[in-house]
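So this block is run-v7.cif, mmCIF, C-alpha atoms:
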```
data_final
#
loop_
_atom_site.label_atom_id
_atom_site.label_comp_id
_atom_site.auth_asym_id
_atom_site.auth_seq_id
_atom_site.Cartn_x
_atom_site.Cartn_y
_atom_site.Cartn_z
CA MET A 1 -1.87 -47.25 10.30
CA GLY A 2 -3.93 -49.20 12.83
CA TYR A 3 -2.53 -47.09 15.70
CA ILE A 4 -3.49 -43.87 13.90
CA TRP A 5 -6.98 -45.24 13.14
CA TRP A 6 -7.72 -46.19 16.75
CA ASN A 7 -6.44 -42.84 17.97
CA LEU A 8 -8.76 -41.10 15.51
CA VAL A 9 -11.68 -43.20 16.73
CA ALA A 10 -10.86 -42.29 20.34
CA ILE A 11 -10.74 -38.56 19.55
CA LEU A 12 -14.04 -38.68 17.68
CA ALA A 13 -15.63 -40.57 20.55
CA MET A 14 -14.70 -37.74 22.90
CA VAL A 15 -15.71 -34.88 20.61
CA LEU A 16 -18.79 -36.06 18.72
CA PRO A 17 -21.19 -36.52 21.68
CA VAL A 18 -21.02 -32.80 22.52
CA LYS A 19 -20.94 -31.69 18.90
CA SER A 20 -23.99 -33.79 18.09
CA GLN A 21 -26.05 -32.52 21.04
CA LEU A 22 -25.24 -28.88 20.52
CA SER A 23 -26.49 -27.57 17.20
CA VAL A 24 -26.79 -24.27 15.37
CA GLY A 25 -30.44 -23.21 15.38
CA PHE A 26 -31.35 -25.45 18.33
CA TYR A 27 -34.25 -23.13 19.21
CA SER A 28 -35.49 -22.61 15.63
CA LYS A 29 -38.75 -24.43 16.38
CA SER A 30 -39.11 -24.24 20.16
CA CYS A 31 -38.33 -20.49 20.41
CA PRO A 32 -37.64 -19.02 16.94
CA LYS A 33 -36.95 -15.49 18.19
CA ALA A 34 -34.50 -16.56 20.89
CA GLU A 35 -31.31 -15.31 19.22
CA PHE A 36 -33.00 -12.11 18.03
CA ILE A 37 -34.15 -11.29 21.57
CA VAL A 38 -30.69 -11.90 23.01
CA ARG A 39 -29.13 -9.77 20.28
CA SER A 40 -31.55 -6.85 20.76
CA THR A 41 -31.03 -6.96 24.53
CA VAL A 42 -27.24 -6.84 24.16
CA GLU A 43 -27.55 -3.99 21.66
CA SER A 44 -29.54 -1.86 24.11
CA TYR A 45 -26.96 -2.29 26.87
CA PHE A 46 -24.04 -1.85 24.48
CA LYS A 47 -25.40 1.46 23.22
CA ALA A 48 -25.52 2.74 26.79
CA ASP A 49 -22.10 1.33 27.74
CA PRO A 50 -19.80 -0.30 25.14
CA THR A 51 -17.56 -1.67 27.90
CA ILE A 52 -20.31 -4.19 28.71
CA ALA A 53 -18.86 -6.26 25.86
CA ALA A 54 -15.70 -6.96 27.82
CA GLY A 55 -17.81 -7.73 30.87
CA LEU A 56 -19.84 -10.36 29.07
CA LEU A 57 -16.75 -11.92 27.52
CA ARG A 58 -15.03 -12.28 30.90
CA LEU A 59 -18.25 -13.60 32.47
CA HIS A 60 -18.53 -16.28 29.78
CA PHE A 61 -14.89 -17.32 30.14
CA HIS A 62 -15.18 -17.62 33.91
CA ASP A 63 -18.36 -19.65 33.50
CA CYS A 64 -16.84 -22.13 31.07
CA PHE A 65 -13.65 -22.72 33.06
CA VAL A 66 -15.58 -23.87 36.15
CA GLN A 67 -18.13 -26.70 35.85
CA GLY A 68 -18.20 -26.13 32.09
CA CYS A 69 -20.38 -23.65 30.19
CA ASP A 70 -23.48 -24.17 32.29
CA GLY A 71 -24.36 -20.77 33.75
CA SER A 72 -23.05 -21.75 37.19
CA VAL A 73 -21.27 -18.38 37.51
CA LEU A 74 -24.65 -16.62 37.34
CA ILE A 75 -25.94 -18.03 40.62
CA MET A 76 -26.28 -15.44 43.38
CA ASP A 77 -25.60 -17.18 46.67
CA GLU A 78 -23.03 -16.64 49.41
CA ASN A 79 -21.41 -20.00 48.67
CA ALA A 80 -21.60 -19.73 44.86
CA GLU A 81 -18.83 -19.15 42.31
CA ILE A 82 -19.61 -15.44 42.14
CA ASN A 83 -17.98 -14.98 45.55
CA ALA A 84 -14.64 -16.57 44.63
CA GLY A 85 -11.65 -14.22 44.61
CA PRO A 86 -10.92 -14.56 40.86
CA ASN A 87 -14.53 -13.57 40.10
CA MET A 88 -14.15 -10.17 41.72
CA GLY A 89 -15.58 -7.48 39.49
CA LEU A 90 -17.50 -9.77 37.12
CA ARG A 91 -20.24 -7.87 35.31
CA GLY A 92 -22.90 -8.36 32.65
CA PHE A 93 -25.36 -10.27 34.82
CA GLU A 94 -28.11 -7.75 34.18
CA VAL A 95 -27.89 -8.32 30.43
CA VAL A 96 -28.40 -12.07 30.84
CA ASP A 97 -31.18 -11.59 33.39
CA ASP A 98 -33.01 -9.11 31.16
CA ALA A 99 -32.82 -11.38 28.10
CA LYS A 100 -33.95 -14.34 30.21
CA ALA A 101 -36.99 -12.45 31.50
CA LYS A 102 -38.03 -11.58 27.94
CA LEU A 103 -37.55 -15.16 26.77
CA GLU A 104 -39.49 -16.60 29.70
CA ASN A 105 -42.43 -14.41 28.71
CA LEU A 106 -42.23 -15.65 25.14
CA CYS A 107 -41.02 -19.25 25.54
CA PRO A 108 -41.19 -20.30 29.20
CA GLY A 109 -38.81 -23.03 30.28
CA VAL A 110 -37.08 -23.36 26.89
CA VAL A 111 -33.92 -21.24 26.58
CA SER A 112 -31.12 -21.86 29.06
CA CYS A 113 -29.15 -19.18 30.85
CA ALA A 114 -25.97 -20.89 29.65
CA ASP A 115 -27.02 -20.41 26.04
CA ILE A 116 -28.10 -16.82 26.66
CA LEU A 117 -24.66 -15.96 28.04
CA THR A 118 -22.93 -17.71 25.14
CA LEU A 119 -25.04 -15.92 22.54
CA ALA A 120 -24.73 -12.56 24.30
CA THR A 121 -20.94 -12.88 24.30
CA ARG A 122 -20.89 -13.52 20.54
CA ASP A 123 -23.16 -10.53 19.93
CA ALA A 124 -21.11 -8.24 22.18
CA ILE A 125 -17.92 -9.07 20.27
CA ASP A 126 -19.67 -8.47 16.95
CA LEU A 127 -20.93 -5.08 18.16
CA SER A 128 -17.34 -4.20 19.11
CA ASP A 129 -16.28 -4.56 15.46
CA GLY A 130 -15.08 -8.09 16.12
CA PRO A 131 -16.01 -11.30 14.32
CA SER A 132 -19.38 -13.02 14.44
CA TRP A 133 -20.07 -16.72 14.13
CA SER A 134 -22.81 -19.31 14.31
CA VAL A 135 -23.19 -20.46 17.92
CA PRO A 136 -24.13 -24.10 18.50
CA THR A 137 -26.82 -24.08 21.21
CA GLY A 138 -28.63 -26.63 23.33
CA ARG A 139 -26.77 -26.17 26.62
CA ARG A 140 -28.63 -26.77 29.84
CA ASP A 141 -28.04 -24.99 33.12
CA GLY A 142 -25.93 -26.57 35.83
CA LYS A 143 -27.25 -27.31 39.30
CA VAL A 144 -23.99 -26.78 41.18
CA SER A 145 -22.14 -23.54 41.94
CA ILE A 146 -19.44 -23.58 44.63
CA SER A 147 -17.07 -20.70 45.26
CA PHE A 148 -14.10 -22.96 46.03
CA ASP A 149 -14.28 -24.48 42.54
CA ALA A 150 -13.54 -21.07 41.01
CA GLU A 151 -10.45 -20.30 43.09
CA ASP A 152 -8.10 -21.96 40.58
CA LEU A 153 -9.02 -19.91 37.51
CA PRO A 154 -6.01 -18.70 35.46
CA SER A 155 -4.41 -15.78 37.30
CA PRO A 156 -2.46 -12.81 35.88
CA PHE A 157 0.21 -13.53 38.51
CA GLU A 158 0.90 -17.08 37.33
CA PRO A 159 3.66 -18.23 34.95
CA ILE A 160 2.65 -18.96 31.37
CA ASP A 161 3.36 -22.65 31.92
CA ASN A 162 0.54 -22.70 34.49
CA HIS A 163 -1.83 -21.13 31.98
CA ILE A 164 -0.83 -23.61 29.30
CA GLN A 165 -1.52 -26.47 31.70
CA LYS A 166 -4.90 -25.11 32.81
CA PHE A 167 -6.00 -24.58 29.23
CA ALA A 168 -4.81 -28.06 28.27
CA GLU A 169 -6.95 -29.53 31.04
CA LYS A 170 -9.95 -27.99 29.27
CA GLY A 171 -8.92 -29.38 25.88
CA LEU A 172 -7.49 -26.06 24.68
CA THR A 173 -4.12 -25.67 22.96
CA GLU A 174 -1.37 -23.08 23.31
CA GLU A 175 -2.74 -21.40 20.19
CA ASP A 176 -6.20 -21.30 21.78
CA LEU A 177 -4.65 -19.69 24.86
CA VAL A 178 -2.96 -16.90 22.91
CA THR A 179 -6.01 -16.43 20.69
CA LEU A 180 -8.51 -16.19 23.55
CA VAL A 181 -6.29 -13.85 25.58
CA GLY A 182 -6.61 -11.55 22.56
CA ALA A 183 -10.04 -10.73 23.96
CA HIS A 184 -8.13 -8.35 26.24
CA THR A 185 -8.15 -5.98 23.26
CA ILE A 186 -11.44 -4.64 24.70
CA GLY A 187 -10.66 -5.48 28.32
CA ARG A 188 -9.95 -3.35 31.37
CA THR A 189 -8.17 -4.21 34.58
CA ASP A 190 -7.52 -2.59 37.96
CA CYS A 191 -4.28 -0.90 38.96
CA GLN A 192 -3.91 -3.35 41.85
CA LEU A 193 -3.46 -6.26 39.42
CA PHE A 194 -0.33 -4.86 37.78
CA SER A 195 1.01 -1.92 39.85
CA TYR A 196 3.63 -4.21 41.40
CA ARG A 197 5.31 -4.20 37.97
CA LEU A 198 5.80 -0.43 38.04
CA GLN A 199 8.08 0.10 41.03
CA ASN A 200 9.93 -2.54 43.04
CA PHE A 201 9.40 -5.51 40.72
CA THR A 202 10.65 -8.78 42.27
CA SER A 203 12.38 -6.71 44.97
CA THR A 204 14.90 -5.28 42.49
CA GLY A 205 14.00 -1.66 43.21
CA ASN A 206 13.21 -1.20 39.52
CA ALA A 207 10.20 -1.68 37.28
CA ASP A 208 9.54 -4.80 35.24
CA PRO A 209 12.16 -4.53 32.47
CA THR A 210 9.76 -5.92 29.87
CA ILE A 211 7.67 -2.72 30.02
CA SER A 212 8.68 -0.14 27.43
CA THR A 213 10.01 3.14 28.82
CA SER A 214 7.22 5.28 27.38
CA PHE A 215 4.49 2.92 28.51
CA LEU A 216 5.99 2.71 32.01
CA THR A 217 5.64 6.48 32.33
CA GLU A 218 2.04 6.26 31.14
CA LEU A 219 1.15 3.49 33.59
CA ARG A 220 2.83 5.23 36.52
CA THR A 221 0.75 8.31 35.76
CA LEU A 222 -2.45 6.24 35.72
CA CYS A 223 -1.51 4.21 38.80
CA PRO A 224 0.72 6.25 41.15
CA LEU A 225 1.96 4.74 44.42
CA ASP A 226 -0.74 6.52 46.44
CA GLY A 227 -3.42 6.14 43.77
CA ASP A 228 -6.73 4.28 43.67
CA PRO A 229 -5.98 0.53 43.46
CA PHE A 230 -9.36 -0.05 41.82
CA ARG A 231 -8.88 2.45 39.00
CA GLY A 232 -9.67 0.84 35.66
CA VAL A 233 -7.04 0.79 32.92
CA ALA A 234 -7.52 -0.37 29.33
CA MET A 235 -5.51 -3.47 28.43
CA ASP A 236 -5.16 -2.30 24.82
CA LYS A 237 -3.91 1.27 24.84
CA ASP A 238 -4.51 1.76 21.11
CA SER A 239 -8.12 0.65 20.59
CA GLN A 240 -9.76 -0.17 23.90
CA LEU A 241 -13.31 -0.29 22.52
CA LYS A 242 -12.53 -1.96 19.20
CA PHE A 243 -12.03 -5.69 18.88
CA ASP A 244 -8.88 -6.03 16.77
CA ASN A 245 -5.35 -7.45 16.80
CA SER A 246 -3.55 -4.34 18.09
CA PHE A 247 -3.28 -6.06 21.48
CA TYR A 248 -0.59 -8.36 20.05
CA LYS A 249 1.40 -5.50 18.55
CA ASN A 250 1.36 -3.93 22.00
CA LEU A 251 2.86 -7.09 23.51
CA MET A 252 5.61 -7.06 20.87
CA ASP A 253 6.36 -3.44 21.76
CA GLY A 254 6.47 -4.03 25.53
CA ASN A 255 3.08 -2.43 26.10
CA GLY A 256 1.27 -5.29 27.83
CA VAL A 257 -0.53 -4.26 31.02
CA LEU A 258 -0.82 -7.60 32.81
CA GLU A 259 2.37 -9.53 33.46
CA SER A 260 0.82 -12.75 32.17
CA ASP A 261 -0.11 -11.01 28.90
CA GLN A 262 3.37 -9.59 28.36
CA ARG A 263 4.95 -12.97 29.12
CA LEU A 264 3.20 -14.44 26.07
CA TRP A 265 5.75 -12.53 23.97
CA SER A 266 8.77 -13.90 25.82
CA HIS A 267 7.64 -17.50 26.36
CA PRO A 268 9.06 -19.89 23.71
CA SER A 269 5.76 -21.76 23.33
CA THR A 270 3.64 -18.68 22.66
CA ARG A 271 5.97 -16.07 21.13
CA ASP A 272 5.53 -17.19 17.53
CA ILE A 273 1.74 -17.20 17.89
CA VAL A 274 1.79 -13.61 19.17
CA LYS A 275 4.02 -12.68 16.23
CA ARG A 276 1.64 -14.28 13.73
CA TYR A 277 -1.19 -12.11 15.02
CA GLY A 278 0.71 -8.87 15.65
CA GLY A 279 3.28 -8.60 12.86
CA ASN A 280 3.62 -5.88 10.23
CA LEU A 281 0.86 -7.09 7.90
CA ARG A 282 -1.78 -5.74 10.26
CA GLY A 283 -4.80 -6.00 7.95
CA LEU A 284 -4.11 -9.55 6.83
CA LEU A 285 -3.10 -10.67 10.31
CA GLY A 286 -6.24 -9.07 11.72
CA LEU A 287 -8.30 -11.28 9.45
CA ARG A 288 -6.35 -14.31 10.61
CA PHE A 289 -6.91 -13.42 14.27
CA SER A 290 -10.64 -12.99 13.68
CA TYR A 291 -10.85 -16.36 11.95
CA GLU A 292 -8.92 -18.18 14.67
CA PHE A 293 -10.79 -16.38 17.44
CA LYS A 294 -14.13 -17.65 16.14
CA LYS A 295 -12.85 -21.23 16.18
CA ALA A 296 -11.39 -20.85 19.66
CA MET A 297 -14.63 -19.41 21.01
CA VAL A 298 -16.65 -22.36 19.71
CA LYS A 299 -14.19 -24.68 21.47
CA LEU A 300 -14.35 -22.65 24.68
CA SER A 301 -18.14 -22.56 24.70
CA SER A 302 -18.31 -26.35 24.29
CA ILE A 303 -16.35 -27.13 27.46
CA GLY A 304 -18.22 -29.42 29.84
CA VAL A 305 -21.67 -28.54 28.54
CA LYS A 306 -24.79 -30.16 29.96
CA THR A 307 -27.23 -31.40 27.30
CA GLY A 308 -30.21 -33.70 26.93
CA THR A 309 -31.63 -34.48 30.37
CA GLN A 310 -28.62 -33.15 32.29
CA GLY A 311 -29.03 -30.08 34.46
CA GLU A 312 -32.13 -27.93 34.10
CA ILE A 313 -33.57 -24.89 32.34
CA ARG A 314 -33.67 -22.24 35.05
CA LYS A 315 -36.67 -19.98 35.42
CA VAL A 316 -34.38 -17.14 36.48
CA CYS A 317 -30.62 -17.16 35.93
CA TYR A 318 -29.52 -16.13 39.40
CA GLN A 319 -31.00 -19.10 41.29
CA PHE A 320 -31.58 -22.81 40.83
CA ASN A 321 -35.11 -24.04 40.22
CA LYS A 322 -36.99 -24.99 43.35
#
```
Since I need it in another form, could you write the structure as structure tokens?
Amino acid sequence: MGYIWWNLVAILAMVLPVKSQLSVGFYSKSCPKAEFIVRSTVESYFKADPTIAAGLLRLHFHDCFVQGCDGSVLIMDENAEINAGPNMGLRGFEVVDDAKAKLENLCPGVVSCADILTLATRDAIDLSDGPSWSVPTGRRDGKVSISFDAEDLPSPFEPIDNHIQKFAEKGLTEEDLVTLVGAHTIGRTDCQLFSYRLQNFTSTGNADPTISTSFLTELRTLCPLDGDPFRGVAMDKDSQLKFDNSFYKNLMDGNGVLESDQRLWSHPSTRDIVKRYGGNLRGLLGLRFSYEFKKAMVKLSSIGVKTGTQGEIRKVCYQFNK
């Protein structure tokens, strides 16, 4: 009993400091319209281009996995994270910058870029028919952004065990991994990131055997040998603009685009989680995925946050204060 008690105390000691400094409605007095302004800004961009939702989601994930959720990925500098290989093709910066400019006019020096990105991601998912949730805010912006630090982000070419380890290092479980990868339901990727699966996979002369026959034909048509390596392909062939659980059904049917996604169905540590989200009871399982996704996003957006007197509140999101 004593062992369990002290372990509980240790866990609370690690979790409570962040939980207590981030709070829902953090700006309710200092900038009451903050969340409304972020929401309306996201809405305007989403109406023009619904794929911006996936862009913001990826931008937020890449921010949180390096230096914590502190807006370090937003810095525009030749040595900053933005120039790391894994951050190729990141988008959504203009949404954050636009919302920041509006908030600086209304409440100068109050709302952080890190919080704007976190809120914008929630709103983008909601606009894509996904879940919505209360976002604890109070993050401050980081003062460090180094491209080298972002080189070890989870890669679609890595084994699932590597992903599990990298997520664990951030305090995220195997269930969090599978749940958060479900964001690929509205994602897109380039042919160059999976075309190696379509022809001479692992030098066998054949395609990746985990790809279904019909989907292989579809992918080869989209990404022929002499095709554009940067052509965008939806990662959820059934509902690429709708945030739902069809992504998991695709994995079960051999219709995963990225190798790392498809391997979630074959790996013993993640297979049952995929099945729980993508089984036959689609409506009920969709509700379960939405519920778990909200929880996982709150955990993700709490990684390594700066609060209190740490960091700064940037005047513009693309450069540190001078």
If the PyMOL selection byres ((chain A and resi 25) around 9) is run on the structure shown, which residues does it catch, given as a PDB file with C-alpha atoms, keeping the file's coordinate frame?
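Result written to result26.pdb:
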```
ATOM      1  CA  SER A  23     -26.490 -27.570  17.200  1.00  0.00           C
ATOM      2  CA  VAL A  24     -26.790 -24.270  15.370  1.00  0.00           C
ATOM      3  CA  PHE A  26     -31.350 -25.450  18.330  1.00  0.00           C
ATOM      4  CA  TYR A  27     -34.250 -23.130  19.210  1.00  0.00           C
ATOM      5  CA  SER A  28     -35.490 -22.610  15.630  1.00  0.00           C
ATOM      6  CA  LYS A  29     -38.750 -24.430  16.380  1.00  0.00           C
ATOM      7  CA  PRO A  32     -37.640 -19.020  16.940  1.00  0.00           C
ATOM      8  CA  GLU A  35     -31.310 -15.310  19.220  1.00  0.00           C
ATOM      9  CA  SER A 134     -22.810 -19.310  14.310  1.00  0.00           C
ATOM     10  CA  VAL A 135     -23.190 -20.460  17.920  1.00  0.00           C
ATOM     11  CA  PRO A 136     -24.130 -24.100  18.500  1.00  0.00           C
ATOM     12  CA  THR A 137     -26.820 -24.080  21.210  1.00  0.00           C
ATOM     13  CA  GLY A 138     -28.630 -26.630  23.330  1.00  0.00           C
TER      14      GLY A 138
END
```
Would you translate the PyMOL selection byres ((chain A and resi 181-198) around 6) into the concrete set of residues it matches in this file, as a compact mmCIF listing (two decimals) with C-alpha atoms, keeping the file's coordinate frame?
```
# COMPACT_ATOMS: atom_id res chain seq x y z
CA ALA A 54 -15.70 -6.96 27.82
CA VAL A 178 -2.96 -16.90 22.91
CA THR A 179 -6.01 -16.43 20.69
CA LEU A 180 -8.51 -16.19 23.55
CA GLN A 199 8.08 0.10 41.03
CA PHE A 201 9.40 -5.51 40.72
CA ALA A 207 10.20 -1.68 37.28
CA ASP A 208 9.54 -4.80 35.24
CA CYS A 223 -1.51 4.21 38.80
CA PRO A 229 -5.98 0.53 43.46
CA PHE A 230 -9.36 -0.05 41.82
CA ARG A 231 -8.88 2.45 39.00
CA GLY A 232 -9.67 0.84 35.66
CA VAL A 233 -7.04 0.79 32.92
CA ALA A 234 -7.52 -0.37 29.33
CA MET A 235 -5.51 -3.47 28.43
CA ASP A 236 -5.16 -2.30 24.82
CA GLN A 240 -9.76 -0.17 23.90
CA LEU A 241 -13.31 -0.29 22.52
CA PHE A 243 -12.03 -5.69 18.88
CA PHE A 247 -3.28 -6.06 21.48
CA LEU A 258 -0.82 -7.60 32.81
```
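Rounded to one decimal, atom CA of A:Gly92 and atom CA of A:Cys69 lie 15.7 Å from each other.
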Of A:Lys166, A:Pro209, A:Pro131, A:Phe148, the one nearest to A:Leu287 when counting only C-alpha atoms is A:Pro131
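For the residues A:Val38, A:Val111, A:Ile164, A:Ile303, ranking by smallest atom-to-atom distance to A:Asp98 using all atoms listed in the file places A:Val38 first.
Counting only C-alpha atoms, the residue from A:Lys242, A:His60, A:Lys170, A:Arg140 that sits nearest to A:Phe93 is A:His60.
Between A:Lys299 and the candidates A:Asp244, A:Asp238, A:Asp176, A:Asp272, the tightest atom-to-atom separation, counting all atoms listed in the file, involves A:Asp176.
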